[in-house]
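As provided, start_35.csv (CSV, C-alpha atoms) reads as follows.
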```
chain,number,residue,atom,x,y,z
A,578,MET,CA,-11.8,-147.5,-77.9
A,579,GLN,CA,-11.1,-145.2,-75.0
A,580,ASN,CA,-13.8,-145.0,-72.2
A,581,ASP,CA,-13.4,-141.9,-70.1
A,582,PHE,CA,-16.4,-142.7,-67.8
A,583,PRO,CA,-15.5,-143.7,-64.2
A,584,GLN,CA,-14.3,-147.2,-63.8
A,585,LEU,CA,-17.1,-149.6,-64.6
A,586,GLU,CA,-18.2,-152.3,-62.2
A,587,PRO,CA,-17.9,-155.9,-63.5
A,588,ARG,CA,-21.7,-156.2,-63.9
A,589,GLU,CA,-22.0,-153.1,-66.1
A,590,ASN,CA,-19.1,-154.3,-68.2
A,591,ASP,CA,-21.1,-157.4,-68.7
A,592,ALA,CA,-24.0,-155.5,-70.3
A,593,GLN,CA,-21.5,-154.1,-72.8
A,594,ASN,CA,-20.0,-157.5,-73.4
A,595,ILE,CA,-23.4,-159.1,-73.9
A,596,TRP,CA,-24.4,-156.3,-76.3
A,597,LYS,CA,-21.2,-156.7,-78.4
A,598,SER,CA,-21.3,-160.4,-78.5
A,599,GLN,CA,-24.5,-160.5,-80.6
A,600,THR,CA,-24.1,-162.5,-83.7
A,601,THR,CA,-24.0,-160.2,-86.7
A,602,GLU,CA,-23.7,-161.0,-90.4
A,603,ALA,CA,-21.3,-159.1,-92.6
A,604,TYR,CA,-24.0,-157.0,-94.2
A,605,LYS,CA,-22.9,-154.9,-97.2
A,606,MET,CA,-24.6,-153.7,-100.3
A,607,SER,CA,-22.7,-153.6,-103.6
A,608,ALA,CA,-22.5,-150.3,-105.6
A,609,ASP,CA,-24.9,-151.7,-108.1
A,610,GLN,CA,-27.4,-152.7,-105.4
A,611,LEU,CA,-27.3,-149.3,-103.9
A,612,ARG,CA,-27.8,-147.6,-107.3
A,613,HIS,CA,-30.6,-150.0,-108.0
A,614,LYS,CA,-32.2,-149.3,-104.6
A,615,LEU,CA,-32.0,-145.6,-105.2
A,616,GLU,CA,-33.6,-145.9,-108.6
A,617,GLN,CA,-36.4,-148.0,-107.1
A,618,ARG,CA,-36.9,-145.4,-104.4
A,619,ARG,CA,-37.2,-142.7,-107.1
A,620,ASN,CA,-39.6,-144.7,-109.2
A,621,SER,CA,-41.7,-145.4,-106.2
A,622,ALA,CA,-41.8,-141.6,-105.4
A,623,ARG,CA,-42.8,-140.9,-109.0
A,624,PHE,CA,-45.5,-143.5,-108.8
A,625,GLU,CA,-46.9,-142.2,-105.5
A,626,ALA,CA,-46.9,-138.6,-106.9
A,627,ALA,CA,-48.6,-139.9,-110.1
A,628,LYS,CA,-51.3,-141.6,-108.0
A,629,SER,CA,-52.0,-138.4,-106.1
A,630,ILE,CA,-52.2,-136.4,-109.3
A,631,ALA,CA,-54.5,-139.0,-110.9
A,632,SER,CA,-56.8,-139.1,-107.9
A,633,GLY,CA,-57.0,-135.3,-107.9
A,634,LEU,CA,-57.8,-135.2,-111.6
A,635,ILE,CA,-60.5,-138.0,-111.2
A,636,VAL,CA,-62.1,-135.9,-108.4
A,637,PHE,CA,-61.9,-132.9,-110.7
A,638,GLY,CA,-63.4,-134.7,-113.7
A,639,PHE,CA,-66.2,-136.3,-111.7
A,640,PHE,CA,-67.4,-133.0,-110.1
A,641,ALA,CA,-67.0,-131.2,-113.4
A,642,TRP,CA,-69.4,-133.8,-114.9
A,643,ALA,CA,-71.7,-133.4,-111.8
A,644,PHE,CA,-71.7,-129.7,-112.3
A,645,THR,CA,-73.3,-130.1,-115.7
A,646,ARG,CA,-76.0,-132.4,-114.2
A,647,TYR,CA,-77.4,-130.0,-111.6
A,648,ALA,CA,-79.8,-127.2,-112.4
A,649,GLU,CA,-79.9,-125.5,-109.0
A,650,LEU,CA,-77.4,-122.9,-108.1
A,651,LEU,CA,-76.2,-124.1,-104.7
A,652,PRO,CA,-75.3,-127.6,-105.7
A,653,ARG,CA,-73.6,-126.2,-108.8
A,654,ILE,CA,-71.5,-123.9,-106.7
A,655,GLY,CA,-70.7,-126.9,-104.4
A,656,CYS,CA,-69.6,-128.9,-107.4
A,657,ALA,CA,-67.4,-126.1,-108.6
A,658,VAL,CA,-65.8,-125.9,-105.1
A,659,LEU,CA,-65.2,-129.7,-105.2
A,660,CYS,CA,-63.6,-129.3,-108.6
A,661,LEU,CA,-61.2,-126.8,-107.0
A,662,TRP,CA,-60.5,-129.4,-104.3
A,663,GLY,CA,-59.6,-132.0,-107.0
A,664,ALA,CA,-57.3,-129.6,-108.7
A,665,TYR,CA,-55.7,-128.7,-105.3
A,666,LEU,CA,-55.1,-132.4,-104.6
A,667,ALA,CA,-53.4,-132.9,-108.0
A,668,LEU,CA,-51.2,-129.8,-107.3
A,669,GLN,CA,-50.3,-131.1,-103.8
A,670,GLY,CA,-49.3,-134.5,-105.4
A,671,PHE,CA,-47.1,-132.7,-107.9
A,672,LYS,CA,-45.4,-130.7,-105.1
A,673,SER,CA,-44.8,-133.8,-103.0
A,674,LEU,CA,-42.8,-135.4,-105.8
A,675,GLN,CA,-39.9,-132.9,-105.3
A,676,LYS,CA,-40.0,-133.4,-101.6
A,677,ARG,CA,-39.9,-137.2,-101.9
A,678,MET,CA,-37.1,-137.2,-104.4
A,679,VAL,CA,-34.7,-135.2,-102.2
A,680,SER,CA,-35.5,-136.7,-98.8
A,681,ASP,CA,-32.1,-137.4,-97.2
A,682,ALA,CA,-30.8,-138.5,-93.8
A,683,THR,CA,-29.8,-135.3,-92.1
A,684,LEU,CA,-26.2,-135.0,-90.9
A,685,ASN,CA,-27.1,-132.8,-87.9
A,686,PRO,CA,-26.5,-134.0,-84.4
A,687,THR,CA,-29.1,-136.6,-83.5
A,688,LEU,CA,-30.7,-134.4,-80.8
A,689,GLN,CA,-31.5,-131.7,-83.4
A,690,SER,CA,-32.6,-134.2,-85.9
A,691,TYR,CA,-34.9,-135.9,-83.5
A,692,ARG,CA,-36.5,-132.6,-82.6
A,693,SER,CA,-37.0,-131.8,-86.3
A,694,GLU,CA,-38.7,-135.1,-86.8
A,695,LEU,CA,-41.1,-134.4,-83.9
A,696,GLU,CA,-41.8,-130.9,-85.2
A,697,ASN,CA,-42.6,-132.4,-88.6
A,698,GLN,CA,-45.0,-134.8,-87.0
A,699,ARG,CA,-46.6,-131.9,-85.0
A,700,ASP,CA,-46.9,-129.7,-88.1
A,701,TYR,CA,-48.3,-132.6,-90.2
A,702,ALA,CA,-51.1,-133.2,-87.6
A,703,ARG,CA,-51.7,-129.4,-87.2
A,704,HIS,CA,-51.9,-128.7,-91.0
A,705,ILE,CA,-53.5,-131.9,-92.2
A,706,TRP,CA,-56.7,-130.0,-92.9
A,707,ARG,CA,-55.1,-127.4,-95.1
A,708,LYS,CA,-52.7,-129.9,-96.8
A,709,ALA,CA,-55.6,-132.3,-97.7
A,710,GLY,CA,-57.7,-129.3,-98.8
A,711,LEU,CA,-60.5,-130.4,-96.4
A,712,PRO,CA,-62.1,-126.9,-96.1
A,713,PHE,CA,-62.7,-127.1,-99.9
A,714,CYS,CA,-64.1,-130.6,-99.6
A,715,LEU,CA,-66.4,-129.9,-96.6
A,716,LEU,CA,-67.7,-126.6,-98.1
A,717,GLY,CA,-68.4,-128.2,-101.5
A,718,ALA,CA,-70.0,-131.3,-100.0
A,719,SER,CA,-72.2,-129.1,-97.7
A,720,LEU,CA,-73.4,-127.0,-100.6
A,721,VAL,CA,-74.3,-130.1,-102.6
A,722,ILE,CA,-76.0,-132.0,-99.7
A,723,LEU,CA,-77.5,-129.3,-97.5
A,724,PRO,CA,-80.3,-128.2,-99.9
A,725,ARG,CA,-81.5,-131.8,-100.1
A,726,VAL,CA,-81.4,-132.2,-96.3
A,727,ILE,CA,-83.3,-129.0,-95.8
A,728,GLN,CA,-85.9,-130.1,-98.3
A,729,SER,CA,-86.5,-133.4,-96.5
A,730,ILE,CA,-86.3,-132.0,-92.9
A,731,HIS,CA,-90.1,-132.0,-92.6
A,732,SER,CA,-90.1,-135.8,-92.8
A,733,SER,CA,-89.8,-136.9,-89.1
A,734,ARG,CA,-89.0,-140.5,-90.1
A,735,LEU,CA,-85.9,-139.4,-91.8
A,736,LEU,CA,-84.8,-137.5,-88.7
A,737,GLU,CA,-85.5,-140.5,-86.5
A,738,SER,CA,-83.4,-142.8,-88.7
A,739,PHE,CA,-80.4,-140.4,-88.8
A,740,LEU,CA,-80.5,-139.2,-85.2
A,741,PRO,CA,-78.6,-142.2,-83.6
A,742,LEU,CA,-76.0,-142.0,-86.3
A,743,LEU,CA,-75.7,-138.3,-85.8
A,744,VAL,CA,-75.2,-138.7,-82.0
A,745,LEU,CA,-72.6,-141.5,-82.5
A,746,PHE,CA,-70.8,-139.2,-85.0
A,747,LEU,CA,-70.8,-136.3,-82.6
A,748,VAL,CA,-69.5,-138.5,-79.7
A,749,TRP,CA,-66.7,-139.9,-82.0
A,750,LEU,CA,-65.9,-136.3,-83.0
A,751,VAL,CA,-65.5,-135.1,-79.4
A,752,VAL,CA,-63.3,-138.2,-78.4
A,753,PHE,CA,-61.2,-137.8,-81.6
A,754,PHE,CA,-60.5,-134.1,-80.9
A,755,PHE,CA,-59.8,-134.8,-77.2
A,756,VAL,CA,-57.3,-137.5,-77.9
A,757,ARG,CA,-55.7,-135.6,-80.7
A,758,ARG,CA,-55.3,-132.5,-78.5
A,759,ARG,CA,-53.7,-134.6,-75.8
A,760,ARG,CA,-51.3,-136.2,-78.2
A,761,GLN,CA,-50.4,-132.8,-79.6
A,762,GLN,CA,-49.7,-131.4,-76.1
A,763,ASN,CA,-47.5,-134.4,-75.3
A,764,LEU,CA,-45.6,-133.9,-78.5
A,765,GLN,CA,-45.2,-130.2,-77.9
A,766,HIS,CA,-44.0,-130.9,-74.3
A,767,GLU,CA,-41.3,-133.3,-75.7
A,768,ILE,CA,-40.2,-130.8,-78.3
A,769,ASP,CA,-39.9,-128.1,-75.6
A,770,GLN,CA,-37.8,-130.4,-73.5
A,771,LEU,CA,-35.5,-131.2,-76.4
A,772,ARG,CA,-35.2,-127.4,-77.2
A,773,MET,CA,-34.2,-126.8,-73.6
A,774,LEU,CA,-31.6,-129.6,-73.8
A,775,GLU,CA,-30.2,-128.1,-77.0
A,776,LYS,CA,-29.9,-124.6,-75.4
A,777,GLU,CA,-28.2,-126.1,-72.3
A,778,SER,CA,-25.8,-128.0,-74.6
A,779,GLN,CA,-25.0,-124.9,-76.6
A,780,SER,CA,-24.3,-122.6,-73.7
B,849,MET,CA,-8.7,-133.4,-90.4
B,850,HIS,CA,-10.6,-135.8,-88.1
B,851,GLY,CA,-10.3,-139.5,-87.7
B,852,ILE,CA,-10.3,-140.7,-91.3
B,853,GLU,CA,-7.3,-142.9,-90.7
B,854,LEU,CA,-9.4,-145.3,-88.7
B,855,ILE,CA,-10.6,-147.1,-91.8
B,856,SER,CA,-8.9,-150.5,-91.7
B,857,GLY,CA,-6.1,-148.9,-89.7
B,858,LYS,CA,-4.6,-147.4,-92.9
B,859,PRO,CA,-4.2,-143.7,-93.7
B,860,VAL,CA,-6.6,-142.6,-96.3
B,861,THR,CA,-5.8,-140.0,-98.9
B,862,GLU,CA,-8.4,-137.6,-100.1
B,863,ASP,CA,-8.5,-138.8,-103.7
B,864,PHE,CA,-9.2,-142.3,-102.4
B,865,LEU,CA,-12.4,-141.0,-100.7
B,866,THR,CA,-14.8,-141.7,-103.5
B,867,GLN,CA,-18.4,-142.4,-102.6
B,868,ASP,CA,-18.3,-146.1,-103.4
B,869,SER,CA,-14.9,-146.9,-101.9
B,870,LEU,CA,-15.7,-144.9,-98.7
B,871,TYR,CA,-19.0,-146.8,-98.3
B,872,GLU,CA,-17.3,-150.1,-98.9
B,873,GLN,CA,-14.7,-149.6,-96.2
B,874,VAL,CA,-17.2,-148.1,-93.8
B,875,ALA,CA,-19.6,-151.1,-94.3
B,876,GLU,CA,-16.7,-153.4,-93.5
B,877,THR,CA,-15.6,-151.5,-90.4
B,878,TYR,CA,-19.0,-150.5,-89.1
B,879,GLY,CA,-21.1,-153.4,-90.4
B,880,PRO,CA,-21.5,-155.2,-87.0
B,881,PRO,CA,-22.2,-152.1,-84.9
B,882,LEU,CA,-24.7,-150.9,-87.5
B,883,GLU,CA,-26.5,-154.2,-87.3
B,884,ARG,CA,-26.6,-154.0,-83.6
B,885,LEU,CA,-27.9,-150.4,-83.9
B,886,ALA,CA,-30.7,-151.6,-86.1
B,887,ARG,CA,-31.6,-154.2,-83.6
B,888,ALA,CA,-31.9,-151.5,-80.9
B,889,TYR,CA,-34.6,-149.8,-83.0
B,890,GLU,CA,-36.5,-152.6,-84.6
B,891,LEU,CA,-37.5,-156.0,-83.2
B,892,ASP,CA,-39.2,-157.5,-86.3
B,893,PRO,CA,-36.5,-159.2,-88.4
B,894,ASP,CA,-38.0,-158.2,-91.8
B,895,LEU,CA,-38.5,-154.6,-90.8
B,896,ARG,CA,-35.0,-154.6,-89.3
B,897,CYS,CA,-33.6,-155.8,-92.5
B,898,ASP,CA,-35.4,-152.9,-94.3
B,899,LEU,CA,-34.1,-150.4,-91.7
B,900,LEU,CA,-30.5,-151.7,-92.1
B,901,GLN,CA,-30.8,-151.4,-95.9
B,902,GLU,CA,-32.1,-147.9,-95.5
B,903,ILE,CA,-29.2,-147.0,-93.2
B,904,HIS,CA,-26.7,-148.3,-95.7
B,905,LEU,CA,-28.4,-146.5,-98.6
B,906,GLN,CA,-28.4,-143.2,-96.7
B,907,LEU,CA,-24.8,-143.6,-95.7
B,908,TRP,CA,-23.8,-144.3,-99.2
B,909,ARG,CA,-25.8,-141.2,-100.4
B,910,SER,CA,-24.2,-139.1,-97.6
B,911,PHE,CA,-20.7,-140.0,-98.7
B,912,ALA,CA,-21.2,-138.0,-101.9
B,913,SER,CA,-20.9,-134.9,-99.7
B,914,PHE,CA,-18.6,-136.1,-97.0
B,915,ASP,CA,-16.7,-132.9,-96.1
B,916,GLN,CA,-14.9,-134.1,-93.0
B,917,ARG,CA,-16.7,-131.6,-90.8
B,918,CYS,CA,-16.6,-134.3,-88.2
B,919,SER,CA,-14.8,-137.6,-87.8
B,920,LEU,CA,-16.0,-140.4,-90.0
B,921,ARG,CA,-17.2,-142.4,-87.1
B,922,THR,CA,-19.4,-139.5,-85.9
B,923,TRP,CA,-20.7,-139.1,-89.4
B,924,VAL,CA,-21.6,-142.8,-89.7
B,925,TYR,CA,-23.4,-142.9,-86.3
B,926,ARG,CA,-25.2,-139.6,-86.9
B,927,VAL,CA,-26.6,-140.8,-90.2
B,928,ALA,CA,-27.5,-144.2,-88.8
B,929,HIS,CA,-29.2,-142.9,-85.7
B,930,ASN,CA,-31.1,-140.3,-87.6
B,931,VAL,CA,-32.4,-142.8,-90.1
B,932,ALA,CA,-33.4,-145.2,-87.3
B,933,THR,CA,-35.0,-142.4,-85.2
B,934,GLY,CA,-37.1,-141.3,-88.2
B,935,HIS,CA,-38.2,-145.0,-88.4
B,936,VAL,CA,-39.4,-144.9,-84.8
B,937,VAL,CA,-40.9,-141.4,-84.9
B,938,ARG,CA,-43.1,-142.4,-87.9
B,939,GLN,CA,-44.6,-145.3,-85.9
B,940,SER,CA,-46.7,-142.9,-83.9
B,941,ARG,CA,-48.5,-145.6,-81.9
B,942,LEU,CA,-45.3,-147.1,-80.7
B,943,ARG,CA,-43.7,-143.7,-80.1
B,944,ASN,CA,-46.5,-142.8,-77.6
B,945,ARG,CA,-45.5,-145.7,-75.4
B,946,LEU,CA,-41.8,-144.9,-75.2
B,947,VAL,CA,-40.4,-143.6,-71.9
B,948,SER,CA,-37.3,-141.8,-70.8
B,949,ILE,CA,-34.3,-143.2,-68.8
B,950,GLU,CA,-35.5,-141.1,-65.9
B,951,THR,CA,-38.9,-142.8,-65.9
B,952,ILE,CA,-37.4,-146.3,-66.0
B,953,GLU,CA,-35.0,-145.4,-63.2
B,954,ALA,CA,-37.9,-144.1,-61.1
B,955,THR,CA,-40.0,-147.3,-61.7
B,956,PRO,CA,-38.6,-150.0,-59.3
B,957,GLY,CA,-41.4,-152.3,-60.3
B,958,ASN,CA,-39.7,-153.0,-63.6
B,959,ASP,CA,-36.7,-154.6,-62.0
B,960,HIS,CA,-36.1,-158.3,-62.6
B,961,THR,CA,-35.4,-160.1,-59.4
B,962,GLU,CA,-34.1,-163.3,-60.9
B,963,HIS,CA,-31.0,-163.4,-63.0
B,964,ALA,CA,-30.6,-164.3,-66.6
B,965,ALA,CA,-29.6,-168.0,-66.9
B,966,SER,CA,-28.0,-167.5,-70.3
B,967,GLN,CA,-26.4,-164.9,-72.4
B,968,ALA,CA,-29.4,-165.1,-74.8
B,969,GLN,CA,-31.8,-164.3,-72.0
B,970,ALA,CA,-29.7,-161.4,-70.8
B,971,LEU,CA,-29.5,-160.0,-74.3
B,972,GLU,CA,-33.3,-160.3,-74.6
B,973,ARG,CA,-33.7,-158.3,-71.4
B,974,LEU,CA,-31.2,-155.7,-72.5
B,975,SER,CA,-33.0,-155.4,-75.9
B,976,THR,CA,-36.4,-155.1,-74.1
B,977,LEU,CA,-35.0,-152.3,-72.0
B,978,ILE,CA,-33.6,-150.5,-75.0
B,979,GLN,CA,-36.8,-150.9,-77.0
B,980,GLN,CA,-38.8,-149.1,-74.2
B,981,LEU,CA,-36.7,-145.9,-74.5
B,982,LYS,CA,-37.3,-142.7,-76.4
B,983,PRO,CA,-34.9,-142.3,-79.3
B,984,LEU,CA,-32.5,-139.8,-77.7
B,985,ASP,CA,-32.0,-142.1,-74.7
B,986,ARG,CA,-31.8,-145.1,-76.9
B,987,GLN,CA,-29.0,-143.3,-78.9
B,988,ILE,CA,-27.1,-142.8,-75.6
B,989,ILE,CA,-27.5,-146.3,-74.2
B,990,VAL,CA,-26.5,-147.9,-77.6
B,991,SER,CA,-23.4,-145.6,-77.8
B,992,TYR,CA,-22.5,-146.5,-74.2
B,993,LEU,CA,-22.9,-150.2,-74.8
B,994,GLU,CA,-20.7,-149.9,-77.9
B,995,GLY,CA,-18.0,-148.6,-75.5
B,996,MET,CA,-18.0,-145.0,-76.7
B,997,ASP,CA,-16.6,-142.2,-74.5
B,998,ALA,CA,-18.6,-139.1,-73.4
B,999,GLY,CA,-16.9,-136.9,-76.0
B,1000,SER,CA,-17.9,-139.2,-78.9
B,1001,ILE,CA,-21.5,-139.5,-77.6
B,1002,GLY,CA,-21.6,-135.7,-77.3
B,1003,GLU,CA,-20.4,-135.3,-80.9
B,1004,ILE,CA,-23.0,-137.7,-82.2
B,1005,THR,CA,-26.0,-136.5,-80.2
B,1006,GLY,CA,-25.1,-132.8,-79.7
B,1007,LEU,CA,-25.7,-133.1,-75.9
B,1008,SER,CA,-23.3,-131.4,-73.4
B,1009,PRO,CA,-20.9,-133.6,-71.5
B,1010,ALA,CA,-22.7,-132.8,-68.3
B,1011,ASN,CA,-26.0,-134.1,-69.7
B,1012,ILE,CA,-24.4,-137.2,-71.0
B,1013,ALA,CA,-22.6,-137.9,-67.7
B,1014,MET,CA,-26.0,-137.6,-66.0
B,1015,LYS,CA,-27.7,-139.9,-68.5
B,1016,VAL,CA,-24.9,-142.5,-68.4
B,1017,HIS,CA,-25.0,-142.4,-64.6
B,1018,ARG,CA,-28.7,-143.3,-64.8
B,1019,ILE,CA,-28.1,-146.0,-67.4
B,1020,LYS,CA,-25.4,-147.6,-65.1
B,1021,ASN,CA,-27.9,-147.5,-62.2
B,1022,ILE,CA,-30.5,-149.3,-64.3
B,1023,LEU,CA,-28.1,-151.8,-65.6
B,1024,LYS,CA,-26.8,-152.5,-62.1
B,1025,ARG,CA,-30.4,-153.0,-60.8
B,1026,ARG,CA,-31.5,-155.1,-63.7
B,1027,PHE,CA,-28.4,-157.1,-64.2
B,1028,GLY,CA,-27.2,-157.2,-60.6
B,1029,GLU,CA,-25.2,-159.8,-58.6
B,1030,PRO,CA,-26.5,-163.3,-59.1
B,1031,ARG,CA,-27.6,-165.3,-56.0
B,1032,THR,CA,-25.1,-168.0,-55.0
B,1033,GLY,CA,-25.1,-171.0,-57.3
B,1034,GLU,CA,-27.0,-169.1,-60.1
B,1035,GLY,CA,-25.7,-168.0,-63.4
B,1036,GLY,CA,-26.0,-164.4,-64.5
B,1037,LEU,CA,-24.8,-161.9,-66.9
B,1038,HIS,CA,-21.3,-162.7,-65.8
B,1039,ALA,CA,-21.6,-166.3,-66.7
B,1040,LYS,CA,-20.3,-167.0,-70.2
```
Can you present the structure in this file as structure tokens?
Amino acid sequence: MQNDFPQLEPRENDAQNIWKSQTTEAYKMSADQLRHKLEQRRNSARFEAAKSIASGLIVFGFFAWAFTRYAELLPRIGCAVLCLWGAYLALQGFKSLQKRMVSDATLNPTLQSYRSELENQRDYARHIWRKAGLPFCLLGASLVILPRVIQSIHSSRLLESFLPLLVLFLVWLVVFFFVRRRRQQNLQHEIDQLRMLEKESQS
Amino acid sequence: MHGIELISGKPVTEDFLTQDSLYEQVAETYGPPLERLARAYELDPDLRCDLLQEIHLQLWRSFASFDQRCSLRTWVYRVAHNVATGHVVRQSRLRNRLVSIETIEATPGNDHTEHAASQAQALERLSTLIQQLKPLDRQIIVSYLEGMDAGSIGEITGLSPANIAMKVHRIKNILKRRFGEPRTGEGGLHAK
């Protein structure tokens, strides 16, 4: 293999020699093994999608049953919203099947591919709320729980019991959002650097 | 037509390039470099085996659409690095601790003062250095250690020759600092 870098010093050549002298086994998969592995991968993708769909349908079924048990209006609306959440989860599971089945290693240059991977990570973290249907979940749960909480607010003992937990939860929430924001900023910074490198390399 | 003829040193005709036969020949030619590449991305032997399997699977799948838009070697390394990079990026806790070549170069505290007594020790040090790097820098150092020229690294990564020259210059500085001249009477990287 030609090496068009300036003449290497002996020590640096050593690093290359050391690297290449690692013991390696002749690893190879037969055509049957490859096809079997691919089939396994597809089956696993189907199973994961089926699990998501089943979870969504169970949530839907449970809150549909709960809907019939409540007489008050607000909890009933809450249950209806939670039913919608279950249906949304099932739909997301179905959609993910297609994505899982076609996932392939990209043939793009590695710089571009790395940037895409980081962008996927960023988008995943950014849209996790929407993808998991959490607005439906929180709205529905609030409608079911809040009327009960409001009814029992006059009991000071209840408030005393829940106050430490509430404070801890709020502290955790603040730390969580702070760390998450910092990670997102670092990720975005790295993506911007890679974009700049890409631009430089294209010009 | 790019470097298809490099397979086993024989010219390869297009009708011969079926998915299976292409994979078989590539696995034979690039088996050891691919295994070293997997070691650069994963220390755990079990996970490394999974990663290597994944690289082979994705290579085989990719050969169904091999269109010679680039040389076979570039194709193989692009797929392998992309699969391995995906593996690293998905481990977000690990990813957050990775640093660039520039950071390592600017941190003199990381240099080892004593020299590696054996090849195994030297390899361990080299692996530790590689494992600290962000994927793009890892791709460059691995390609460099495999003896690739700037043009080939550029084709694989998509970086400009100027950027690669700068990175390789830094890699060489780091290697020189970490695997420098042994003191008199000591072994070192040179000792084999």
For Arg612 of chain A: contacts at 10 Å, all atoms listed in the file, fewer than 5 positions along chain excluded, given as a PDB file with C-alpha atoms, in the frame of the given file:
```
ATOM      1  CA  MET A 606     -24.600-153.700-100.300  1.00  0.00           C
ATOM      2  CA  SER A 607     -22.700-153.600-103.600  1.00  0.00           C
ATOM      3  CA  GLN A 617     -36.400-148.000-107.100  1.00  0.00           C
ATOM      4  CA  ARG A 618     -36.900-145.400-104.400  1.00  0.00           C
TER       5      ARG A 618
ATOM      6  CA  LEU B 905     -28.400-146.500 -98.600  1.00  0.00           C
ATOM      7  CA  TRP B 908     -23.800-144.300 -99.200  1.00  0.00           C
ATOM      8  CA  ARG B 909     -25.800-141.200-100.400  1.00  0.00           C
TER       9      ARG B 909
END
```
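Residues of protein, DNA and RNA with at least one atom no farther than 12 Å from (-37.3, -127.5, -77.9) are, using only C-alpha atoms, Leu688, Gln689, Ser690, Tyr691, Arg692, Ser693, Glu694, Leu695, Glu696, Leu764, Gln765, His766, Glu767, Ile768, Asp769, Gln770, Leu771, Arg772, Met773, Leu774, Glu775, Lys776, Glu777 and Ser778 of chain A.
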Exercise. Could you list the residues in chain B lying within 8 Å of chain A, using only C-alpha atoms, and format the result as a count of residues only?
Key: 53
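The space separating atom CA of Ala718 of chain A from atom CA of Leu659 of chain A comes to 7.3 Å.
The nearest approach to Ser1000 of chain B among the residues B:Leu981, B:Leu870, B:Cys918, B:Ala954, with all atoms listed in the file taken into account, belongs to B:Cys918.
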Quiz prompt | Nearby residues (all atoms listed in the file) at most 12 Å from Ser673 of chain A, same-chain spacing under 5 positions excluded, as a PyMOL selection string | solution = chain A and resi 622-630+666-668+678-680+708
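Rounded to one decimal, atom CA of Ser719 of chain A and atom CA of Val748 of chain A lie 20.5 Å from each other.
Across B:Val874, B:Ile978, B:Ile1001, B:Ala888, the tightest approach to Ile949 of chain B is made by B:Ile978 when counting all atoms listed in the file.
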Practice problem: Measuring atom to atom with only C-alpha atoms, identify which of A:Ala664, A:Cys714, A:Leu740, A:Val751 is nearest to Ala631 of chain A. | Solution: A:Ala664
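Relative to atom CA of Leu882 of chain B, atom CA of Arg941 of chain B is found at 25.0 Å.
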Practice problem: Pick out the residues sitting within 9 Å of Glu902 of chain B, and hand them over as a VMD selection string; count only C-alpha atoms, and ignore anything fewer than 4 positions along from it in its own chain. | Solution: chain B and resid 897 to 898 906 to 907 928 931 to 932
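Across B:Arg921, B:Leu977, B:Asn944, B:Asp892, the tightest approach to Arg759 of chain A is made by B:Asn944 when counting all atoms listed in the file.
Minimum atom-to-atom distances from B:Leu895, B:Thr866, B:Gly999, B:Leu900 to Ala912 of chain B were compared using all atoms listed in the file, and the lowest value belongs to B:Thr866.
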